[in-house]
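Data block for run.txt (compact mmCIF, C-alpha atoms):
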# COMPACT_ATOMS: atom_id res chain seq x y z
CA MET A 1 -20.56 12.90 23.07
CA ASP A 2 -18.08 15.71 23.55
CA PHE A 3 -18.24 18.89 21.56
CA LYS A 4 -15.17 19.12 19.32
CA ASP A 5 -13.36 22.41 19.00
CA TYR A 6 -12.26 22.29 15.38
CA TYR A 7 -10.72 25.75 15.67
CA ALA A 8 -8.39 24.54 18.40
CA THR A 9 -7.49 21.47 16.33
CA LEU A 10 -6.34 23.72 13.50
CA GLY A 11 -4.90 26.31 15.89
CA VAL A 12 -6.85 29.24 14.45
CA GLU A 13 -9.10 31.90 15.94
CA ARG A 14 -12.84 31.69 15.51
CA SER A 15 -12.59 34.87 13.48
CA ALA A 16 -10.06 33.36 11.04
CA THR A 17 -10.69 33.90 7.36
CA GLN A 18 -11.25 30.94 5.05
CA ASP A 19 -7.74 31.50 3.72
CA GLU A 20 -6.27 31.35 7.21
CA VAL A 21 -8.18 28.13 7.91
CA LYS A 22 -6.83 26.65 4.71
CA ARG A 23 -3.25 27.67 5.45
CA ALA A 24 -3.42 26.21 8.95
CA TYR A 25 -4.81 22.96 7.59
CA ARG A 26 -2.17 22.66 4.88
CA LYS A 27 0.65 23.17 7.33
CA LEU A 28 -0.66 20.55 9.76
CA ALA A 29 -1.57 18.18 6.91
CA ARG A 30 2.02 18.23 5.67
CA LYS A 31 3.29 17.63 9.19
CA TYR A 32 1.03 14.70 9.98
CA HIS A 33 0.24 13.17 6.61
CA PRO A 34 0.54 9.41 7.19
CA ASP A 35 2.38 8.90 3.92
CA VAL A 36 5.01 11.46 4.86
CA SER A 37 5.19 11.75 8.63
CA LYS A 38 7.16 9.50 10.93
CA GLU A 39 5.39 10.77 14.03
CA PRO A 40 4.02 7.75 15.88
CA ASP A 41 0.48 9.10 16.10
CA ALA A 42 0.52 10.70 12.66
CA GLU A 43 -2.49 8.85 11.33
CA ALA A 44 -4.74 9.75 14.27
CA ARG A 45 -3.55 13.35 14.29
CA PHE A 46 -4.06 13.66 10.55
CA LYS A 47 -7.63 12.37 10.82
CA GLU A 48 -8.42 15.01 13.43
CA VAL A 49 -6.90 17.75 11.32
CA ALA A 50 -8.65 16.59 8.14
CA GLU A 51 -11.98 16.34 9.91
CA ALA A 52 -11.59 19.83 11.35
CA TYR A 53 -10.86 21.16 7.89
CA GLU A 54 -13.81 19.34 6.38
CA ALA A 55 -15.99 21.16 8.88
CA LEU A 56 -14.35 24.58 8.67
CA GLY A 57 -12.97 24.64 5.14
CA ASP A 58 -16.44 24.65 3.68
CA ALA A 59 -18.33 27.89 4.31
CA GLU A 60 -21.74 26.20 4.58
CA ARG A 61 -20.55 23.67 7.09
CA ARG A 62 -18.59 26.21 9.05
CA ALA A 63 -21.69 28.37 9.45
CA ALA A 64 -23.66 25.39 10.71
CA TYR A 65 -20.85 24.37 13.08
CA ASP A 66 -20.53 27.91 14.44
CA ASP A 67 -24.26 28.03 15.05
CA VAL A 68 -24.17 24.87 17.14
CA GLY A 69 -20.93 25.93 18.79
CA ARG A 70 -22.39 29.18 20.09
CA ARG A 71 -24.70 27.15 22.31
CA HIS A 72 -22.08 24.77 23.63
CA ALA A 73 -18.94 25.46 25.55
CA ASP A 74 -16.03 23.32 24.47
CA GLY A 75 -15.66 19.90 26.05
CA GLN A 76 -19.16 19.74 27.47
CA GLY A 77 -21.50 16.93 26.65
CA PHE A 78 -23.08 17.52 23.30
CA GLN A 79 -26.37 16.33 21.89
CA PRO A 80 -27.45 17.72 18.56
CA PRO A 81 -30.90 19.22 19.01
CA PRO A 82 -33.48 17.18 17.10
CA GLY A 83 -33.97 18.40 13.58
CA TRP A 84 -31.30 21.03 14.08
CA ASP A 85 -29.95 20.64 10.56
CA SER A 86 -33.24 21.01 8.72
CA GLY A 87 -32.36 24.53 7.72
CA PHE A 88 -29.11 23.52 6.09
CA GLU A 89 -28.45 21.81 2.89
CA PHE A 90 -25.00 20.41 2.41
CA SER A 91 -23.50 20.08 -0.98
CA GLY A 92 -21.34 17.25 0.24
CA ARG A 93 -19.65 14.88 -2.08
CA ASP A 94 -19.80 11.16 -1.63
CA ASP A 95 -16.31 9.99 -1.00
CA GLY A 96 -16.80 6.28 -0.84
CA ALA A 97 -15.35 4.39 2.09
CA GLN A 98 -13.42 7.44 3.28
CA ALA A 99 -16.67 8.87 4.51
CA PHE A 100 -16.59 6.43 7.41
CA ASP A 101 -13.49 7.81 8.99
CA HIS A 102 -15.25 10.58 10.87
CA SER A 103 -15.87 10.98 14.55
CA ASP A 104 -19.35 10.46 15.99
CA PHE A 105 -19.46 14.18 16.60
CA PHE A 106 -18.87 14.97 12.94
CA GLU A 107 -21.46 12.46 11.82
CA ALA A 108 -24.01 13.80 14.29
CA LEU A 109 -23.54 17.24 12.81
CA PHE A 110 -23.15 16.58 9.16
CA GLY A 111 -24.46 13.08 8.75
CA ARG A 112 -22.71 10.08 7.37
CA ARG A 113 -23.87 10.37 3.84
CA SER A 114 -22.86 13.97 3.38
CA ALA A 115 -19.47 13.42 4.94
CA GLY A 116 -17.27 13.96 1.96
CA ALA A 117 -14.33 15.96 0.84
CA GLY A 118 -15.85 19.14 2.20
CA GLY A 119 -13.54 22.03 1.60
CA ARG A 120 -11.00 19.77 -0.03
CA ALA A 121 -11.15 20.34 -3.75
CA PRO A 122 -8.45 18.04 -5.10
CA ARG A 123 -6.44 19.51 -7.89
CA GLY A 124 -5.17 16.30 -9.40
CA ALA A 125 -6.74 13.09 -8.23
CA ARG A 126 -10.46 12.90 -8.58
CA ARG A 127 -11.98 9.83 -7.12
CA GLN A 128 -14.34 7.65 -8.98
CA PRO A 129 -16.94 5.70 -7.02
CA ALA A 130 -15.13 2.89 -5.24
CA ALA A 131 -15.70 -0.49 -6.79
CA ASP A 132 -12.84 -2.14 -4.99
CA HIS A 133 -12.37 -1.80 -1.25
CA HIS A 134 -9.31 -1.49 0.93
CA ALA A 135 -8.66 -2.41 4.53
CA LYS A 136 -5.61 -2.86 6.74
CA VAL A 137 -5.01 -6.06 8.64
CA ARG A 138 -2.56 -6.69 11.43
CA ILE A 139 -0.93 -10.07 11.58
CA ASP A 140 1.68 -11.61 13.82
CA LEU A 141 5.22 -11.80 12.53
CA ARG A 142 5.08 -15.55 13.05
CA ASP A 143 2.17 -15.77 10.58
CA ALA A 144 4.40 -14.25 7.93
CA TYR A 145 7.10 -16.82 8.70
CA ARG A 146 4.84 -19.82 8.51
CA GLY A 147 1.77 -18.76 6.61
CA ALA A 148 -1.54 -18.96 8.41
CA GLN A 149 -5.27 -18.97 8.10
CA ARG A 150 -6.87 -16.15 10.01
CA THR A 151 -10.41 -14.98 10.58
CA LEU A 152 -10.55 -11.23 10.20
CA ALA A 153 -13.37 -8.97 11.30
CA LEU A 154 -13.98 -6.01 9.00
CA ARG A 155 -16.44 -3.19 9.43
CA VAL A 156 -17.98 -2.59 6.04
CA PRO A 157 -20.59 -0.05 4.96
CA GLN A 158 -23.78 -1.57 3.61
CA VAL A 159 -26.48 0.27 1.74
CA ASP A 160 -29.95 -1.02 2.57
CA ALA A 161 -33.12 -0.85 0.49
CA ASN A 162 -33.87 2.67 1.72
CA GLY A 163 -30.47 3.95 0.73
CA GLN A 164 -29.38 4.13 4.37
CA VAL A 165 -25.77 3.28 5.10
CA THR A 166 -24.93 1.18 8.12
CA LEU A 167 -21.74 -0.48 9.26
CA GLN A 168 -21.84 -4.24 9.34
CA LEU A 169 -19.37 -6.58 10.91
CA ARG A 170 -18.10 -9.01 8.36
CA GLN A 171 -15.99 -12.04 9.13
CA LEU A 172 -13.63 -13.25 6.53
CA GLU A 173 -11.29 -16.18 6.47
CA VAL A 174 -8.03 -15.26 4.86
CA ASN A 175 -5.01 -17.32 3.94
CA ILE A 176 -1.95 -15.36 4.96
CA PRO A 177 0.76 -16.47 2.53
CA LYS A 178 4.16 -17.37 3.92
CA GLY A 179 6.68 -14.60 3.40
CA VAL A 180 4.23 -11.69 3.19
CA ARG A 181 5.77 -8.39 4.23
CA ALA A 182 4.40 -5.27 5.85
CA GLY A 183 3.02 -2.88 3.26
CA GLN A 184 2.17 -5.62 0.79
CA HIS A 185 -1.39 -6.24 -0.31
CA LEU A 186 -3.58 -9.28 -0.60
CA ARG A 187 -6.30 -9.17 -3.21
CA LEU A 188 -9.43 -11.14 -2.43
CA ALA A 189 -11.26 -11.39 -5.72
CA GLY A 190 -14.94 -10.55 -5.61
CA GLN A 191 -14.96 -9.98 -1.83
CA ALA A 192 -15.74 -6.28 -1.74
CA GLY A 193 -19.43 -7.06 -1.59
CA SER A 194 -22.14 -5.83 -3.88
CA GLN A 195 -22.34 -2.07 -4.35
CA GLY A 196 -26.12 -2.09 -4.46
CA GLY A 197 -26.01 -1.81 -8.24
CA ASP A 198 -25.96 -4.37 -10.98
CA GLY A 199 -22.21 -4.39 -11.47
CA PRO A 200 -20.03 -7.30 -10.47
CA ALA A 201 -18.75 -7.42 -6.91
CA GLY A 202 -15.49 -5.53 -6.49
CA ASP A 203 -12.26 -6.90 -5.09
CA LEU A 204 -11.10 -6.48 -1.53
CA TYR A 205 -7.51 -5.38 -0.95
CA LEU A 206 -5.95 -6.01 2.43
CA GLU A 207 -2.79 -4.12 3.33
CA ILE A 208 -0.59 -6.11 5.67
CA GLU A 209 0.72 -4.64 8.89
CA PHE A 210 2.70 -6.47 11.54
CA GLU A 211 1.66 -6.49 15.15
CA PRO A 212 4.53 -4.75 16.97
CA HIS A 213 6.74 -7.43 18.52
CA PRO A 214 8.48 -6.96 21.87
CA LEU A 215 11.71 -8.58 20.61
CA PHE A 216 11.91 -8.34 16.85
CA ARG A 217 12.08 -5.32 14.56
CA VAL A 218 11.31 -5.83 10.90
CA ASP A 219 12.94 -3.93 8.05
CA GLY A 220 11.66 -5.16 4.72
CA ARG A 221 12.72 -8.80 4.57
CA ASP A 222 15.27 -8.46 7.36
CA VAL A 223 14.56 -8.91 11.05
CA TYR A 224 16.57 -7.44 13.93
CA LEU A 225 16.99 -8.74 17.47
CA ASP A 226 18.92 -7.22 20.37
CA LEU A 227 20.81 -10.01 22.09
CA PRO A 228 22.05 -9.37 25.63
CA VAL A 229 25.35 -11.08 26.49
CA ALA A 230 27.50 -11.14 29.61
CA PRO A 231 30.94 -9.47 29.45
CA TRP A 232 32.75 -12.82 29.54
CA GLU A 233 30.55 -14.18 26.75
CA ALA A 234 31.50 -11.25 24.58
CA ALA A 235 35.18 -11.50 25.55
CA LEU A 236 35.67 -15.27 25.39
CA GLY A 237 33.01 -16.23 22.91
CA ALA A 238 30.00 -18.39 23.75
CA SER A 239 27.35 -20.56 22.29
CA VAL A 240 23.93 -19.13 23.15
CA HIS A 241 20.29 -19.86 22.39
CA VAL A 242 18.68 -17.15 20.29
CA PRO A 243 14.95 -16.81 19.69
CA THR A 244 13.79 -16.29 16.12
CA PRO A 245 10.20 -15.65 15.04
CA ASP A 246 10.18 -19.28 13.94
CA GLY A 247 11.80 -20.98 16.92
CA GLU A 248 15.16 -21.09 18.67
CA VAL A 249 18.54 -21.43 17.06
CA GLU A 250 22.03 -21.80 18.51
CA LEU A 251 24.44 -18.99 17.80
CA ASN A 252 28.18 -18.77 18.31
CA VAL A 253 29.15 -15.38 19.70
CA PRO A 254 32.73 -14.92 18.49
CA ALA A 255 35.43 -14.19 21.06
CA GLY A 256 36.36 -10.52 21.29
CA SER A 257 32.89 -9.23 20.34
CA LYS A 258 32.03 -5.67 21.17
CA PRO A 259 28.59 -4.38 22.07
CA GLY A 260 26.76 -3.24 18.95
CA ARG A 261 28.34 -5.98 16.87
CA ARG A 262 25.87 -7.37 14.38
CA LEU A 263 25.84 -11.06 13.60
CA ARG A 264 23.98 -12.09 10.51
CA LEU A 265 21.96 -15.28 10.51
CA LYS A 266 21.66 -15.71 6.80
CA GLY A 267 18.25 -16.63 5.50
CA LEU A 268 16.51 -16.50 8.88
CA GLY A 269 14.65 -13.29 8.07
CA LEU A 270 11.28 -13.34 6.36
CA PRO A 271 10.94 -16.27 3.96
CA SER A 272 11.08 -15.08 0.38
CA THR A 273 13.18 -15.55 -2.74
CA PRO A 274 15.76 -14.66 -1.65
CA PRO A 275 14.89 -14.89 2.04
CA GLY A 276 15.73 -12.05 4.38
CA ASP A 277 18.36 -12.24 7.10
CA LEU A 278 18.09 -12.15 10.86
CA TYR A 279 20.49 -9.64 12.39
CA VAL A 280 21.47 -10.19 15.99
CA VAL A 281 22.82 -7.05 17.63
CA LEU A 282 24.90 -7.67 20.76
CA THR A 283 24.23 -5.63 23.87
CA LEU A 284 26.33 -5.96 27.01
CA VAL A 285 24.61 -6.71 30.32
CA LEU A 286 26.56 -6.48 33.56
CA PRO A 287 25.83 -8.84 36.43
CA PRO A 288 24.80 -7.08 39.65
CA ALA A 289 27.52 -6.15 42.09
CA ASP A 290 25.31 -5.83 45.16
CA ALA A 291 26.90 -8.49 47.37
CA ALA A 292 30.39 -8.78 48.78
CA PRO A 293 31.50 -11.84 46.75
CA ALA A 294 30.35 -10.23 43.50
CA GLN A 295 32.14 -7.00 44.38
CA GLU A 296 35.28 -8.98 45.13
CA ALA A 297 35.07 -10.62 41.71
CA TRP A 298 34.91 -7.22 40.04
CA ARG A 299 37.83 -6.00 42.16
CA THR A 300 39.88 -8.98 41.06
CA LEU A 301 39.08 -8.06 37.49
CA ALA A 302 40.03 -4.44 38.10
CA ARG A 303 43.38 -5.46 39.65
CA HIS A 304 44.08 -7.67 36.70
CA PHE A 305 43.37 -4.89 34.19
CA ALA A 306 45.11 -2.15 36.16
CA ASP A 307 46.61 -0.78 32.93
CA PHE A 308 43.34 -0.76 31.04
CA ASN A 309 41.94 2.72 30.46
CA PRO A 310 38.48 2.66 28.86
CA ARG A 311 38.78 6.42 28.26
CA SER A 312 42.10 6.44 26.49
CA ALA A 313 40.42 7.85 23.39
CA LEU A 314 39.30 10.91 25.37
CA LYS A 315 42.83 12.04 26.12
CA PRO A 316 43.81 15.21 24.32
CA MET B 1 -23.55 -5.05 14.13
CA ASN B 2 -24.01 -8.71 13.38
CA PRO B 3 -21.75 -10.97 11.42
CA ILE B 4 -23.33 -11.25 8.01
CA ASP B 5 -21.28 -14.06 6.64
CA ALA B 6 -18.15 -16.06 7.15
CA SER B 7 -16.75 -16.67 3.74
CA SER B 8 -14.95 -19.87 2.97
CA PRO B 9 -11.16 -19.72 2.99
CA SER B 10 -10.39 -17.28 0.29
CA ALA B 11 -9.43 -19.33 -2.71
CA GLY B 12 -9.03 -16.19 -4.80
CA THR B 13 -6.37 -14.64 -2.57
CA VAL B 14 -3.40 -13.21 -4.44
CA LEU B 15 -0.30 -11.48 -3.09
CA VAL B 16 -0.49 -8.33 -5.19
CA GLU B 17 3.18 -7.32 -5.09
CA GLU B 18 4.39 -10.69 -6.29
CA HIS B 19 1.73 -12.25 -8.45
CA LEU B 20 -0.34 -9.50 -9.97
CA GLN B 21 -0.08 -7.00 -12.79
CA PHE B 22 -2.61 -4.31 -13.53
CA SER B 23 -3.89 -2.80 -16.74
CA LEU B 24 -4.68 0.91 -16.62
CA VAL B 25 -8.37 0.16 -16.11
CA GLU B 26 -7.67 -2.39 -13.38
CA LEU B 27 -5.36 -0.06 -11.50
CA GLY B 28 -7.96 2.67 -11.69
CA ARG B 29 -10.53 0.34 -10.19
CA ALA B 30 -8.15 -0.89 -7.52
CA CYS B 31 -7.39 2.57 -6.17
CA SER B 32 -10.56 4.43 -7.20
CA ALA B 33 -8.57 6.73 -9.41
CA GLU B 34 -9.55 8.26 -12.70
CA ARG B 35 -7.75 7.27 -15.87
CA ASP B 36 -6.44 10.77 -16.60
CA TRP B 37 -4.88 11.03 -13.16
CA LEU B 38 -3.01 7.74 -13.58
CA VAL B 39 -1.86 8.77 -17.06
CA ALA B 40 -0.54 12.01 -15.57
CA LEU B 41 1.38 10.02 -12.93
CA VAL B 42 2.93 7.91 -15.70
CA GLN B 43 3.87 11.04 -17.63
CA GLU B 44 5.59 12.36 -14.51
CA GLY B 45 7.49 9.11 -14.17
CA ALA B 46 5.86 8.30 -10.82
CA LEU B 47 4.50 5.05 -12.25
CA THR B 48 6.46 3.08 -14.82
CA PRO B 49 4.33 0.55 -16.67
CA SER B 50 5.68 -1.61 -19.45
CA GLY B 51 4.07 -1.28 -22.88
CA ALA B 52 3.94 1.59 -25.32
CA GLU B 53 0.31 2.69 -25.46
CA PRO B 54 -1.96 3.26 -22.45
CA SER B 55 -4.11 0.38 -23.64
CA ASP B 56 -1.04 -1.90 -23.53
CA TRP B 57 0.31 -0.68 -20.22
CA ARG B 58 1.04 -3.29 -17.57
CA PHE B 59 1.73 -2.06 -14.05
CA GLU B 60 3.65 -4.14 -11.53
CA GLY B 61 1.79 -5.02 -8.33
CA SER B 62 3.91 -2.53 -6.40
CA ALA B 63 2.26 0.28 -8.39
CA LEU B 64 -0.86 -0.15 -6.24
CA ARG B 65 0.80 1.20 -3.11
CA ARG B 66 2.43 4.04 -5.02
CA ALA B 67 -0.71 5.06 -6.86
CA ARG B 68 -2.71 5.04 -3.65
CA ALA B 69 -0.13 7.15 -1.85
CA ALA B 70 -0.14 9.62 -4.76
CA GLN B 71 -3.93 9.69 -4.59
CA ARG B 72 -3.95 10.47 -0.88
CA LEU B 73 -1.22 13.11 -1.20
CA SER B 74 -3.06 14.79 -4.02
CA GLN B 75 -6.35 14.89 -2.16
CA ASP B 76 -5.07 15.84 1.25
CA LEU B 77 -2.40 18.34 0.23
CA ASP B 78 -3.93 19.52 -3.04
CA LEU B 79 -0.92 18.39 -5.07
CA ASN B 80 -0.97 17.94 -8.81
CA ALA B 81 0.66 14.93 -10.44
CA ALA B 82 4.08 16.60 -10.61
CA GLY B 83 3.97 17.49 -6.91
CA ALA B 84 2.81 14.01 -5.89
CA ALA B 85 5.56 12.46 -8.04
CA LEU B 86 8.17 14.65 -6.38
CA VAL B 87 6.98 13.64 -2.89
CA LEU B 88 7.07 9.94 -3.82
CA ASP B 89 10.63 10.31 -5.12
CA LEU B 90 11.74 12.09 -1.97
CA LEU B 91 10.09 9.47 0.22
CA ASP B 92 11.92 6.75 -1.72
CA GLU B 93 15.17 8.57 -1.17
CA ILE B 94 14.49 8.93 2.56
CA ASP B 95 13.77 5.20 2.76
CA THR B 96 17.04 4.41 1.01
CA LEU B 97 18.99 6.68 3.34
CA ARG B 98 17.30 5.22 6.41
CA ALA B 99 18.12 1.70 5.23
CA ARG B 100 21.73 2.75 4.71
CA LEU B 101 21.83 4.21 8.22
CA ARG B 102 20.52 0.96 9.60
CA ARG B 103 23.13 -1.04 7.70
CA ILE B 104 25.97 0.93 9.23
CA GLY B 105 24.34 0.45 12.62
CA ALA B 106 23.47 4.04 13.31
CA ALA B 107 19.79 3.42 13.87
Final structure tokens representation of the file:
Amino acid sequence: MDFKDYYATLGVERSATQDEVKRAYRKLARKYHPDVSKEPDAEARFKEVAEAYEALGDAERRAAYDDVGRRHADGQGFQPPPGWDSGFEFSGRDDGAQAFDHSDFFEALFGRRSAGAGGRAPRGARRQPAADHHAKVRIDLRDAYRGAQRTLALRVPQVDANGQVTLQLRQLEVNIPKGVRAGQHLRLAGQAGSQGGDGPAGDLYLEIEFEPHPLFRVDGRDVYLDLPVAPWEAALGASVHVPTPDGEVELNVPAGSKPGRRLRLKGLGLPSTPPGDLYVVLTLVLPPADAAPAQEAWRTLARHFADFNPRSALKP
Amino acid sequence: MNPIDASSPSAGTVLVEEHLQFSLVELGRACSAERDWLVALVQEGALTPSGAEPSDWRFEGSALRRARAAQRLSQDLDLNAAGAALVLDLLDEIDTLRARLRRIGAA
């Protein structure tokens, strides 16, 4: 296990005041908050920043972290000395499932059970103990087109008879309804598992994400595809085979099409009421001109269009 | 970690955004939020249930995503209900603008 330099994560000196730590955290939290940020690695970055602040934003934890840190240079292998934390008592708050988002390093230092909001003292939203659980699931775009039955593996915290929390792998068969979109939720009634108390089992909410697809981009109900065409197909029109997430269709490329032209295949987006559309965006691909006959063909074309100036719009 | 069970195909599966409405209590359970916090979000206009009294409120399924985002924003950025509501509105506006950009082919 590597020692984590939480000061470096927040970009503050080891001598920073609690206020400086808080300011640094806030700034980075706004930048990388997954609900706000469009940075591709926002979620992972935010977790690092939040974990660093949980360790440093709380004076008790920071003192404990500094104590361990003095004996370990950054990046070196780290093993917490046995019983090292016996002198500390953490007033950590139980934060439900969120407590399982920490690195091994954090849990080795502060334990799983005490891993809570730390220095974060929310002003508005106070959590109540989680009865219902949430998880994200990634499905293929094709599953949303056709509906599917999938076996999902979830890691869920379980409390045993001694009050110890362990992660268990749980397999769940889920019916993916046709037409489900990214960001929507499935509720599985009574599937959150028992909370160790007497209450009824909570519900499990699954947030849908799509597996990134090499060809298709999804925007709500609509789906986009870049379609490469040859110059003569764009100029003269052509009938071409186009893949859709649900099989091939034949598409007429109109004569005189320009690259970037968008052709709408109505109703071939995600199934829904009303269904989304599939947008085909034309891109121009030039055949290679690496052999004499091909070069001659291009020259013939050039002679024919001697008056054509592609840069006429650039003239002052 | 061992598999502990393989449940039968989930008969009780519901697509929240299309087939579910929440009462105030149910929404609180679904996103582990306290009643007062959700009421504050309604007062800020961030959530718009139908019904006059809190006990009559019915939230559309789409409120789940919004309430959870507000919850996360509040906790992680120490926002109050007014601040979280403002961020949600701005995010909606950004989404609308991005969609418009895509429609005119600029993205």
Item checked: From A:Ala44, A:Ala131, A:Ala255, A:Ala234, residue lying nearest chain B [all atoms listed in the file] -> A:Ala131
Next item on the list: Using all atoms listed in the file, find the one residue out of A:Val180, A:Ala161, A:Ala42, A:Leu109 that sits nearest to chain B.
Entry: A:Val180
Margin query: I'd like the interatomic distance between atom CA of B:Thr96 and atom CA of A:Tyr205, to a tenth of an Å.
Written below: 26.5 Å
Check: Which distance in Å separates atom CA of A:Leu268 and atom CA of A:Leu284, to one decimal?
Finding: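 Interatomic distance here is 23.2 Å.
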Item checked: Atom pair atom CA of A:Gln171 / atom CA of A:Arg155: separation (Å) ->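 Here the two named atoms are 8.9 Å from each other.
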Note to self: From the options A:Pro274, A:Gly163, A:Gly183, A:Gly269, which residue's atoms come nearest to chain B, counting only C-alpha atoms?
What the structure shows: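 When distances to chain B are compared using only C-alpha atoms, the smallest one comes from A:Gly183.
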Next item on the list: Considering all atoms listed in the file, return as a PyMOL selection string whatever protein or nucleic-acid residues lie within 10 Å of B:Leu88, sequence-local ones (same chain, fewer than 3 positions apart) excluded.
Entry: (chain A and resi 35-36) or (chain B and resi 46+66-67+69-70+73+82-85+91-94)
Restricted to C-alpha atoms, what would the selected residues look like written as a compact mmCIF listing (two decimals), keeping the file's coordinate frame?
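The resulting out.txt:
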# COMPACT_ATOMS: atom_id res chain seq x y z
CA ASP A 35 2.38 8.90 3.92
CA VAL A 36 5.01 11.46 4.86
CA ALA B 46 5.86 8.30 -10.82
CA ARG B 66 2.43 4.04 -5.02
CA ALA B 67 -0.71 5.06 -6.86
CA ALA B 69 -0.13 7.15 -1.85
CA ALA B 70 -0.14 9.62 -4.76
CA LEU B 73 -1.22 13.11 -1.20
CA ALA B 82 4.08 16.60 -10.61
CA GLY B 83 3.97 17.49 -6.91
CA ALA B 84 2.81 14.01 -5.89
CA ALA B 85 5.56 12.46 -8.04
CA LEU B 91 10.09 9.47 0.22
CA ASP B 92 11.92 6.75 -1.72
CA GLU B 93 15.17 8.57 -1.17
CA ILE B 94 14.49 8.93 2.56
Check: For the point (0.3, 18.8, -7.6) in file coordinates, what residues are within 12 Å, counting all atoms listed in the file? Give the answer as number ranges by chain?
Finding: A: 122-125; B: 37, 40-41, 44, 70-88
Check: Restricting the calculation to all atoms listed in the file, which member of A:Asp203, A:Val68, A:Glu233, A:Leu278 is positioned closest to A:Val249?
Finding: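 Closest residue, counting all atoms listed in the file: A:Leu278.
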Note to self: So that I can see what lies close to B:Gly51, please list as a list of chain:residue names the residues with an atom at most 12 Å from it, counting only C-alpha atoms and leaving out residues fewer than 3 positions away in the same chain.
What the structure shows: B:Phe22, B:Ser23, B:Leu24, B:Val42, B:Thr48, B:Pro54, B:Ser55, B:Asp56, B:Trp57, B:Arg58, B:Phe59, B:Glu60
Skipping near chain neighbours, those fewer than 4 positions away, what residues fall within 10 Å of stretch 285-291 of chain A using all atoms listed in the file, listed as a PDB file with C-alpha atoms, in the coordinates of the input?
ATOM      1  CA  LEU A 227      20.810 -10.010  22.090  1.00  0.00           C
ATOM      2  CA  PRO A 228      22.050  -9.370  25.630  1.00  0.00           C
ATOM      3  CA  VAL A 229      25.350 -11.080  26.490  1.00  0.00           C
ATOM      4  CA  ALA A 230      27.500 -11.140  29.610  1.00  0.00           C
ATOM      5  CA  PRO A 231      30.940  -9.470  29.450  1.00  0.00           C
ATOM      6  CA  TRP A 232      32.750 -12.820  29.540  1.00  0.00           C
ATOM      7  CA  PRO A 259      28.590  -4.380  22.070  1.00  0.00           C
ATOM      8  CA  GLN A 295      32.140  -7.000  44.380  1.00  0.00           C
ATOM      9  CA  GLU A 296      35.280  -8.980  45.130  1.00  0.00           C
ATOM     10  CA  ALA A 297      35.070 -10.620  41.710  1.00  0.00           C
ATOM     11  CA  TRP A 298      34.910  -7.220  40.040  1.00  0.00           C
TER      12      TRP A 298
END
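Distances here use only C-alpha atoms; by that measure, the residue among B:Ile104, B:Ala99, B:Ala63, B:Ala52 closest to B:Leu20 is B:Ala63.
Of the listed residues (B:Asp89, B:Gly61, B:Arg98, B:Arg103), B:Gly61 comes nearest to B:Leu15; the distances count only C-alpha atoms.
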Next item on the list: Considering only C-alpha atoms, return as a list in words whatever protein or nucleic-acid residues lie within 12 Å of A:Ser15, sequence-local ones (same chain, fewer than 4 positions apart) excluded.
Entry: Tyr7, Gly11, Asp19, Glu20, Val21, Leu56, Arg62, Ala63 and Asp66 of chain A
Note to self: List as a list in words the protein and nucleic acid residues near A:Lys31, meaning an atom at most 12 Å away when all atoms listed in the file are counted, but skip any in the same chain fewer than 5 places from it.
What the structure shows: Ala24, Tyr25, Arg26, Val36, Ser37, Lys38, Glu39, Pro40, Asp41, Ala42, Glu43, Arg45, Phe46 and Val49 of chain A; Asp76 and Leu77 of chain B
